[in-house]
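S.K.: Input file: run.cif. Contents: mmCIF, C-alpha atoms.
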data_protein
#
loop_
_atom_site.label_atom_id
_atom_site.label_comp_id
_atom_site.auth_asym_id
_atom_site.auth_seq_id
_atom_site.Cartn_x
_atom_site.Cartn_y
_atom_site.Cartn_z
CA MET A 81 57.95 43.57 85.42
CA THR A 82 59.58 42.80 82.08
CA THR A 83 58.71 39.76 80.01
CA ASP A 84 60.49 37.86 77.28
CA THR A 85 59.16 37.19 73.79
CA GLN A 86 57.13 34.21 75.02
CA GLY A 87 55.35 36.21 77.74
CA LEU A 88 57.34 34.66 80.57
CA PRO A 89 58.97 36.73 83.31
CA ALA A 90 62.47 37.75 82.24
CA LYS A 91 65.38 36.53 84.31
CA HIS A 92 67.17 39.22 86.26
CA ALA A 93 70.67 39.71 84.89
CA ALA A 94 73.59 40.00 87.28
CA PRO A 95 74.69 43.60 87.81
CA ASP A 96 77.78 44.76 85.93
CA TRP A 97 79.84 45.25 89.07
CA LEU A 98 79.37 41.58 89.98
CA TRP A 99 80.95 40.51 86.68
CA TYR A 100 83.96 42.75 87.26
CA ALA A 101 84.33 41.47 90.84
CA ALA A 102 84.04 37.85 89.71
CA VAL A 103 86.72 38.24 87.03
CA ILE A 104 89.13 40.00 89.41
CA GLY A 105 88.45 37.48 92.17
CA ALA A 106 89.00 34.52 89.84
CA ALA A 107 92.29 36.03 88.64
CA VAL A 108 93.54 36.49 92.22
CA VAL A 109 92.53 32.97 93.28
CA GLY A 110 94.13 31.48 90.16
CA TRP A 111 97.37 33.36 90.81
CA LEU A 112 97.50 32.17 94.44
CA VAL A 113 96.78 28.55 93.47
CA TYR A 114 99.39 28.67 90.69
CA GLY A 115 102.05 29.68 93.22
CA GLN A 116 101.37 26.59 95.36
CA LEU A 117 101.44 23.95 92.64
CA ILE A 118 105.00 22.72 93.26
CA PRO A 119 104.55 22.07 97.00
CA PHE A 120 101.13 20.55 96.24
CA SER A 121 102.59 18.09 93.71
CA GLU A 122 105.38 17.13 96.13
CA TRP A 123 102.85 16.61 98.94
CA VAL A 124 100.59 14.40 96.79
CA THR A 125 103.55 12.32 95.59
CA SER A 126 104.76 11.87 99.17
CA LEU A 127 101.41 10.31 100.10
CA LEU A 128 101.86 7.51 97.58
CA PRO A 129 103.90 4.31 98.17
CA VAL A 130 106.58 5.25 95.63
CA ALA A 131 110.05 6.71 95.96
CA ARG A 132 110.14 10.34 94.89
CA ASP A 133 113.32 9.89 92.84
CA SER A 134 112.04 6.78 91.04
CA HIS A 135 110.70 6.78 87.49
CA THR A 136 107.15 6.42 88.79
CA GLY A 137 107.66 9.19 91.35
CA GLU A 138 108.98 11.55 88.66
CA ALA A 139 106.05 10.75 86.37
CA ILE A 140 103.45 11.25 89.13
CA ALA A 141 104.96 14.53 90.31
CA PHE A 142 105.03 15.82 86.72
CA PHE A 143 101.39 14.84 86.16
CA VAL A 144 100.06 16.27 89.43
CA TYR A 145 101.93 19.54 88.84
CA ASP A 146 101.10 19.96 85.17
CA VAL A 147 97.36 19.15 85.21
CA PRO A 148 96.25 22.11 87.37
CA LYS A 149 98.95 24.35 85.85
CA VAL A 150 97.86 23.77 82.26
CA LEU A 151 94.16 23.93 83.11
CA LEU A 152 94.64 27.23 84.97
CA LEU A 153 96.64 28.68 82.09
CA LEU A 154 94.18 27.33 79.53
CA THR A 155 91.20 28.83 81.37
CA GLY A 156 92.82 32.26 81.63
CA ILE A 157 94.03 32.31 78.03
CA VAL A 158 90.72 31.07 76.61
CA PHE A 159 88.87 33.73 78.62
CA VAL A 160 91.09 36.52 77.31
CA THR A 161 90.94 35.29 73.73
CA GLY A 162 87.17 34.86 74.06
CA VAL A 163 86.89 38.53 75.01
CA LEU A 164 89.11 39.42 72.03
CA ARG A 165 87.08 37.16 69.78
CA SER A 166 84.00 39.29 70.46
CA TRP A 167 85.60 41.84 68.13
CA PHE A 168 86.40 39.21 65.45
CA SER A 169 83.39 37.05 64.61
CA PRO A 170 83.56 34.69 61.61
CA GLU A 171 81.25 37.01 59.71
CA LYS A 172 83.38 40.07 60.41
CA THR A 173 86.55 38.17 59.47
CA ARG A 174 84.98 37.11 56.18
CA THR A 175 83.92 40.71 55.49
CA ILE A 176 87.47 41.96 56.11
CA LEU A 177 89.02 39.41 53.75
CA ALA A 178 86.47 39.60 50.94
CA GLY A 179 87.58 41.84 48.08
CA LYS A 180 91.15 42.30 49.33
CA ARG A 181 93.92 42.25 46.78
CA GLU A 182 95.60 38.86 46.87
CA PHE A 183 99.10 40.19 47.55
CA PHE A 184 97.97 41.80 50.80
CA GLY A 185 95.35 39.15 51.46
CA TYR A 186 97.77 36.33 52.37
CA PRO A 187 99.55 38.00 55.34
CA LEU A 188 96.30 39.66 56.39
CA ALA A 189 94.52 36.30 56.41
CA ALA A 190 97.37 34.71 58.41
CA PHE A 191 97.31 37.63 60.86
CA LEU A 192 93.57 37.29 61.38
CA GLY A 193 94.06 33.55 61.83
CA VAL A 194 96.51 34.26 64.65
CA LEU A 195 94.00 36.58 66.33
CA THR A 196 90.91 34.42 65.95
CA PRO A 197 90.97 31.07 67.78
CA PHE A 198 88.90 28.96 65.40
CA CYS A 199 89.50 25.24 65.78
CA SER A 200 89.65 22.63 63.02
CA CYS A 201 85.98 21.73 63.58
CA SER A 202 85.14 25.20 62.22
CA SER A 203 87.04 24.55 58.98
CA VAL A 204 84.10 23.47 56.82
CA PRO A 205 81.63 26.31 57.58
CA LEU A 206 84.42 28.89 57.44
CA PHE A 207 85.72 27.50 54.16
CA ILE A 208 82.26 27.55 52.59
CA GLY A 209 81.60 31.07 53.89
CA PHE A 210 84.90 32.37 52.54
CA VAL A 211 84.44 30.79 49.11
CA SER A 212 80.86 32.06 48.82
CA ALA A 213 82.08 35.56 49.76
CA GLY A 214 84.61 35.58 46.93
CA VAL A 215 87.72 35.21 49.11
CA PRO A 216 90.52 33.72 46.93
CA LEU A 217 91.28 30.06 47.67
CA GLY A 218 94.93 30.70 48.59
CA VAL A 219 93.95 33.47 51.03
CA THR A 220 91.44 31.09 52.61
CA PHE A 221 94.14 28.48 53.14
CA SER A 222 96.42 31.07 54.79
CA PHE A 223 93.68 31.77 57.33
CA LEU A 224 92.79 28.11 57.94
CA ILE A 225 96.44 27.15 58.50
CA ALA A 226 97.26 30.06 60.81
CA GLY A 227 94.13 29.64 62.94
CA PRO A 228 94.82 26.24 64.52
CA MET A 229 98.63 26.36 64.12
CA VAL A 230 99.45 29.73 65.71
CA GLY A 231 96.21 30.71 67.41
CA PRO A 232 96.34 32.69 70.66
CA VAL A 233 95.48 29.74 72.94
CA GLY A 234 98.41 27.63 71.75
CA LEU A 235 100.79 30.57 71.72
CA GLY A 236 99.79 31.61 75.22
CA LEU A 237 100.35 28.12 76.60
CA LEU A 238 103.64 27.78 74.72
CA TYR A 239 104.84 31.11 76.12
CA ALA A 240 103.88 30.14 79.68
CA LEU A 241 105.40 26.66 79.58
CA VAL A 242 108.59 26.93 77.50
CA GLY A 243 109.40 30.65 77.40
CA TRP A 244 109.01 33.63 75.10
CA LYS A 245 111.94 32.79 72.80
CA ILE A 246 110.54 29.44 71.64
CA ALA A 247 107.01 30.89 71.48
CA THR A 248 108.23 33.78 69.30
CA ILE A 249 110.16 31.41 67.03
CA TYR A 250 107.06 29.26 66.66
CA LEU A 251 104.89 32.32 65.90
CA VAL A 252 107.25 33.66 63.22
CA PHE A 253 107.64 30.35 61.42
CA GLY A 254 103.99 29.35 61.78
CA PHE A 255 102.91 32.71 60.36
CA THR A 256 105.41 32.34 57.52
CA ILE A 257 104.25 28.82 56.67
CA ALA A 258 100.60 29.97 56.60
CA THR A 259 101.39 32.98 54.39
CA VAL A 260 103.72 31.19 51.96
CA THR A 261 101.50 28.10 51.70
CA GLY A 262 98.49 30.25 50.87
CA TYR A 263 100.50 32.19 48.28
CA VAL A 264 101.81 29.03 46.58
CA MET A 265 98.38 27.40 46.51
CA GLY A 266 96.85 30.61 45.20
CA LYS A 267 99.32 30.74 42.31
CA MET A 268 98.61 27.11 41.45
CA ARG A 269 94.96 27.96 40.62
CA LEU A 270 93.54 24.92 42.36
CA GLU A 271 89.89 25.94 42.39
CA ARG A 272 89.11 23.11 39.96
CA TYR A 273 89.95 20.63 42.72
CA LEU A 274 87.23 21.85 45.05
CA GLN A 275 84.22 19.62 45.50
CA ASP A 276 81.72 20.43 42.74
CA TRP A 277 79.05 21.83 45.04
CA VAL A 278 81.57 24.19 46.67
CA ARG A 279 83.01 25.37 43.35
CA ASP A 280 79.53 26.19 42.07
CA LEU A 281 78.71 28.52 44.95
CA ASN A 282 77.85 32.02 43.88
CA ALA A 283 80.52 34.48 44.94
CA GLY A 284 78.18 37.32 45.80
CA PRO A 285 79.27 40.57 47.48
CA VAL A 286 79.50 40.74 51.22
CA GLY A 287 77.52 43.54 52.74
CA ALA A 288 78.57 45.66 55.68
CA LEU A 289 77.78 44.19 59.06
CA PRO A 290 75.27 46.08 61.19
CA GLU A 291 76.69 48.04 64.06
CA GLU A 292 75.71 46.64 67.43
CA THR A 293 75.99 48.12 70.86
CA VAL A 294 78.11 45.68 72.84
CA THR A 295 79.21 46.56 76.35
CA PHE A 296 82.44 45.36 77.94
CA VAL A 297 80.42 43.19 80.31
CA ASP A 298 78.91 41.51 77.23
CA ARG A 299 82.47 40.75 76.09
CA LEU A 300 83.29 39.32 79.53
CA LYS A 301 80.24 37.09 79.19
CA THR A 302 81.53 35.96 75.79
CA GLY A 303 84.87 35.08 77.39
CA ALA A 304 83.14 33.08 80.14
CA GLU A 305 81.06 31.23 77.54
CA GLN A 306 84.21 30.41 75.58
CA VAL A 307 85.78 28.93 78.74
CA ARG A 308 82.72 26.77 79.30
CA GLU A 309 82.63 25.60 75.68
CA ILE A 310 86.32 25.18 74.82
CA VAL A 311 87.73 23.98 78.14
CA GLY A 312 84.74 21.68 78.46
CA LYS A 313 85.68 20.06 75.15
CA VAL A 314 89.47 19.87 75.39
CA TRP A 315 90.14 19.03 79.05
CA ILE A 316 90.25 15.31 78.36
CA TRP A 317 92.89 15.84 75.65
CA VAL A 318 94.86 17.99 78.09
CA LEU A 319 94.90 15.07 80.52
CA ILE A 320 95.95 12.66 77.77
CA GLY A 321 98.72 15.00 76.61
CA ILE A 322 100.01 15.53 80.14
CA GLY A 323 99.84 11.78 80.75
CA ILE A 324 102.04 11.15 77.70
CA GLY A 325 104.36 13.94 78.82
CA ALA A 326 104.58 12.40 82.30
CA LEU A 327 105.53 9.01 80.86
CA ILE A 328 108.22 10.65 78.72
CA HIS A 329 109.46 12.70 81.67
CA GLY A 330 109.58 9.75 84.06
CA TYR A 331 110.47 6.71 81.98
CA VAL A 332 112.17 7.64 78.70
CA PRO A 333 115.96 7.82 79.17
CA GLU A 334 117.58 11.02 77.97
CA ALA A 335 120.06 9.10 75.82
CA MET A 336 117.22 7.38 73.95
CA MET A 337 115.36 10.66 73.46
CA LEU A 338 118.47 12.34 72.10
CA LYS A 339 118.98 9.44 69.69
CA ILE A 340 115.41 9.53 68.40
CA MET A 341 114.65 13.28 68.39
CA GLY A 342 118.09 14.83 68.57
CA GLY A 343 119.44 17.09 65.84
CA GLU A 344 122.08 14.67 64.61
CA ALA A 345 119.94 12.10 62.77
CA TRP A 346 118.65 13.41 59.42
CA TRP A 347 115.51 11.29 59.70
CA SER A 348 114.42 12.69 63.09
CA VAL A 349 112.46 15.61 61.61
CA PRO A 350 110.40 13.63 59.05
CA ALA A 351 109.86 10.91 61.67
CA ALA A 352 108.50 13.54 64.10
CA VAL A 353 106.15 14.87 61.40
CA ALA A 354 104.96 11.37 60.50
CA LEU A 355 104.35 10.65 64.20
CA GLY A 356 102.41 13.88 64.70
CA VAL A 357 99.96 13.62 61.78
CA PRO A 358 97.78 10.74 63.12
CA MET A 359 97.61 12.19 66.63
CA TYR A 360 94.19 13.54 67.60
CA THR A 361 94.79 16.49 69.88
CA ASN A 362 95.15 20.27 69.82
CA ALA A 363 97.55 22.92 71.07
CA ALA A 364 96.43 22.50 74.67
CA GLY A 365 97.01 18.75 74.52
CA VAL A 366 100.30 18.71 72.61
CA ILE A 367 102.18 21.46 74.49
CA PRO A 368 102.71 19.37 77.66
CA ILE A 369 104.26 16.72 75.40
CA VAL A 370 106.49 19.40 73.87
CA GLU A 371 107.49 20.53 77.35
CA ALA A 372 108.52 17.00 78.30
CA LEU A 373 110.40 16.40 75.03
CA LEU A 374 112.44 19.58 75.42
CA GLY A 375 113.10 18.70 79.05
CA LYS A 376 114.58 15.38 77.90
CA GLY A 377 116.91 17.11 75.47
CA ALA A 378 114.99 16.70 72.20
CA ALA A 379 116.16 19.06 69.45
CA LEU A 380 114.16 22.28 69.20
CA GLY A 381 113.57 22.02 65.45
CA THR A 382 112.41 18.41 65.65
CA THR A 383 110.09 19.22 68.55
CA LEU A 384 108.56 22.24 66.78
CA ALA A 385 108.08 20.14 63.63
CA PHE A 386 106.24 17.54 65.71
CA MET A 387 104.01 20.20 67.28
CA MET A 388 103.21 21.85 63.94
CA SER A 389 102.31 18.53 62.31
CA VAL A 390 99.97 17.59 65.18
CA ILE A 391 98.11 20.90 64.97
CA ALA A 392 98.20 21.76 61.26
CA LEU A 393 98.08 18.32 59.61
CA SER A 394 95.97 16.27 61.98
CA LEU A 395 94.10 13.35 60.43
CA PRO A 396 90.70 14.44 61.87
CA GLU A 397 91.03 17.87 60.21
CA MET A 398 91.81 16.23 56.87
CA ILE A 399 88.68 14.09 57.23
CA ILE A 400 86.62 17.22 57.92
CA LEU A 401 88.11 19.06 54.93
CA LYS A 402 87.27 16.08 52.68
CA GLN A 403 83.71 17.43 52.71
CA VAL A 404 84.79 20.45 50.66
CA LEU A 405 88.11 19.44 49.03
CA THR A 406 88.94 16.62 46.63
CA LEU A 407 91.58 14.10 47.66
CA ARG A 408 94.00 15.62 45.14
CA LEU A 409 93.70 19.08 46.69
CA ILE A 410 94.08 17.63 50.20
CA ALA A 411 97.25 15.84 49.06
CA ILE A 412 98.65 19.08 47.59
CA PHE A 413 97.76 20.93 50.80
CA ILE A 414 99.49 18.30 52.97
CA ALA A 415 102.59 18.24 50.75
CA ILE A 416 103.09 22.03 50.79
CA VAL A 417 102.45 22.44 54.52
CA ALA A 418 104.65 19.43 55.33
CA ALA A 419 107.47 20.92 53.24
CA GLY A 420 107.28 24.14 55.28
CA ILE A 421 107.25 22.21 58.55
CA LEU A 422 110.23 20.09 57.51
CA ALA A 423 112.14 23.22 56.47
CA THR A 424 111.44 24.77 59.87
CA GLY A 425 112.65 21.67 61.71
CA TYR A 426 115.85 21.30 59.71
CA LEU A 427 116.64 25.03 59.88
CA PHE A 428 116.42 25.21 63.66
CA ASN A 429 118.32 21.99 64.17
CA PHE A 430 121.06 23.43 61.93
CA LEU A 431 121.15 26.84 63.62
CA LEU A 432 120.88 25.56 67.20
#
For this file, produce the structure as structure tokens.
M.R.:
Amino acid sequence: MTTDTQGLPAKHAAPDWLWYAAVIGAAVVGWLVYGQLIPFSEWVTSLLPVARDSHTGEAIAFFVYDVPKVLLLLTGIVFVTGVLRSWFSPEKTRTILAGKREFFGYPLAAFLGVLTPFCSCSSVPLFIGFVSAGVPLGVTFSFLIAGPMVGPVGLGLLYALVGWKIATIYLVFGFTIATVTGYVMGKMRLERYLQDWVRDLNAGPVGALPEETVTFVDRLKTGAEQVREIVGKVWIWVLIGIGIGALIHGYVPEAMMLKIMGGEAWWSVPAAVALGVPMYTNAAGVIPIVEALLGKGAALGTTLAFMMSVIALSLPEMIILKQVLTLRLIAIFIAIVAAGILATGYLFNFLL
């Protein structure tokens, strides 16, 4: 009988085949449930004392359909990205970026940000780790912008809910904003605007990470743990986002939506950005709102600008970053990112 380090009997781990069977079984069940969501939402709405074609009926049907749909998609995407994340830990990401030439570092940092789903709550420890490892400040910003803005969870949900064209457009422009913003901030030599204790960190060399033997079942376990941790934290914001989307879908007249967020009014894009900044949500919570806005005829550029501002310029993230950045550097960061978001919104409204 094996024992752990404290002399207690070790728990018997589940056999590998059981993990494979569980993952395959969950995928099959999820696919079957997903295919029945429309009749389920219609059935639930029919049980309530409201007319199906009324504003309330439309809002309820949207909510009942979207809640399980988004949660199923979110669970699957988080699981897959959790498995992928087992190859890209924060330490390994820092090791890859440290010592890279700045010219190649910006797109590389943005690319790694797309691959690694770190949320805004990870900004402070990642920022400190990058600075202490000698990663240039601009390269660090490219990574921190790309991570929450165009991470795999948000992209996966966007692809599933509004189609590959919009998701690809969002990826290209989000990646570009992260790369260009990092480059501009790097050229501005803003290290003097870091908090004193961060600026004084020693930029020592980063050693090679030890090789570890990690099985594929270990990676599946990592994915399952990510589902438990991430979905457990964000589900309430998913419900709030879908609730807002349902109200827009059911009650906001299309003519009003076109007037406020259509492509004709010059002020619609900055208004969307200003509206998105104070919102406290993430990609999983904002995408149902985006789905409802587009369904009501909102302009694509204005809607994407709203989504980018919610994710990349959220007020809670700025409060977190205040621990390592001075107010002047935060203001510069907001101004440059906002300029890129506004340019994206206006460009797509003009082209489409």
S.K.: With distances taken over all atoms listed in the file, which residue among A:Ala106, A:Leu112, A:Ile399, A:Leu117 lies nearest Pro148 of chain A?
M.R.: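 Using all atoms listed in the file, Pro148 of chain A sits closest to A:Leu117.
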S.K.: Work out how far atom CA of Ala354 of chain A is from atom CA of Val311 of chain A, in Å to one decimal.
M.R.: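 Separation between atom CA of Val311 of chain A and atom CA of Ala354 of chain A: 27.7 Å.
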S.K.: Using all atoms listed in the file, find each residue of segment 213-277 of chain A with at least one atom at most 10 Å away from an atom of segment 157-161 of chain A; report its shortest atom-to-atom pair and that distance in Å (one decimal), sort the rows by chain and rising residue number, and return the result as a tab-separated table.
M.R.:
residue	atom	partner	partner_atom	distance
A:Gly231	CA	A:Thr161	CA	9.4
A:Pro232	CA	A:Thr161	CA	6.7
A:Val233	CA	A:Ile157	CA	5.9
A:Gly234	CA	A:Ile157	CA	9.0
A:Leu235	CA	A:Ile157	CA	9.4
A:Gly236	CA	A:Ile157	CA	6.4
A:Leu237	CA	A:Ile157	CA	7.7
S.K.: For atom CA of Arg308 of chain A and atom CA of Ser166 of chain A, quote the distance in Å rounded to one decimal.
M.R.: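 Taking atom CA of Arg308 of chain A and atom CA of Ser166 of chain A, their separation equals 15.4 Å.
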S.K.: Could you tell me how far atom CA of Tyr239 of chain A sits from atom CA of Ile416 of chain A, in Å to one decimal place?
M.R.: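 Value for the atom CA of Ile416 of chain A-atom CA of Tyr239 of chain A distance: 27.0 Å.
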S.K.: Could you tell me which residues the PyMOL selection byres ((chain A and resi 295-304) around 10) returns for this structure, as a PyMOL selection string?
M.R.: chain A and resi 95-100+103+155-167+292-294+305-309
S.K.: With distances taken over all atoms listed in the file, which of A:Leu153, A:Ile140, A:Ala247, A:Leu128 is nearest to Ala326 of chain A?
M.R.: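 Closest to Ala326 of chain A of all the choices is A:Ile140.
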S.K.: Pick the closest to Leu380 of chain A from A:Gly342, A:Gly330, A:Pro350, A:Gly243: which is it, counting all atoms listed in the file?
M.R.: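 The shortest atom-to-atom distance to Leu380 of chain A comes from A:Gly342.
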S.K.: Would you pick out the contacts of segment 249-263 of chain A at 10 Å or less, using all atoms listed in the file, so that residues sharing its chain but fewer than 4 positions from it are not included, and give the list as a ChimeraX atom specification?
M.R.: /A:182-183,185-191,193-194,216-227,229-232,234-235,238-239,244-245,267-268,381,384-385,387-388,392,413,415-421,423-424,428
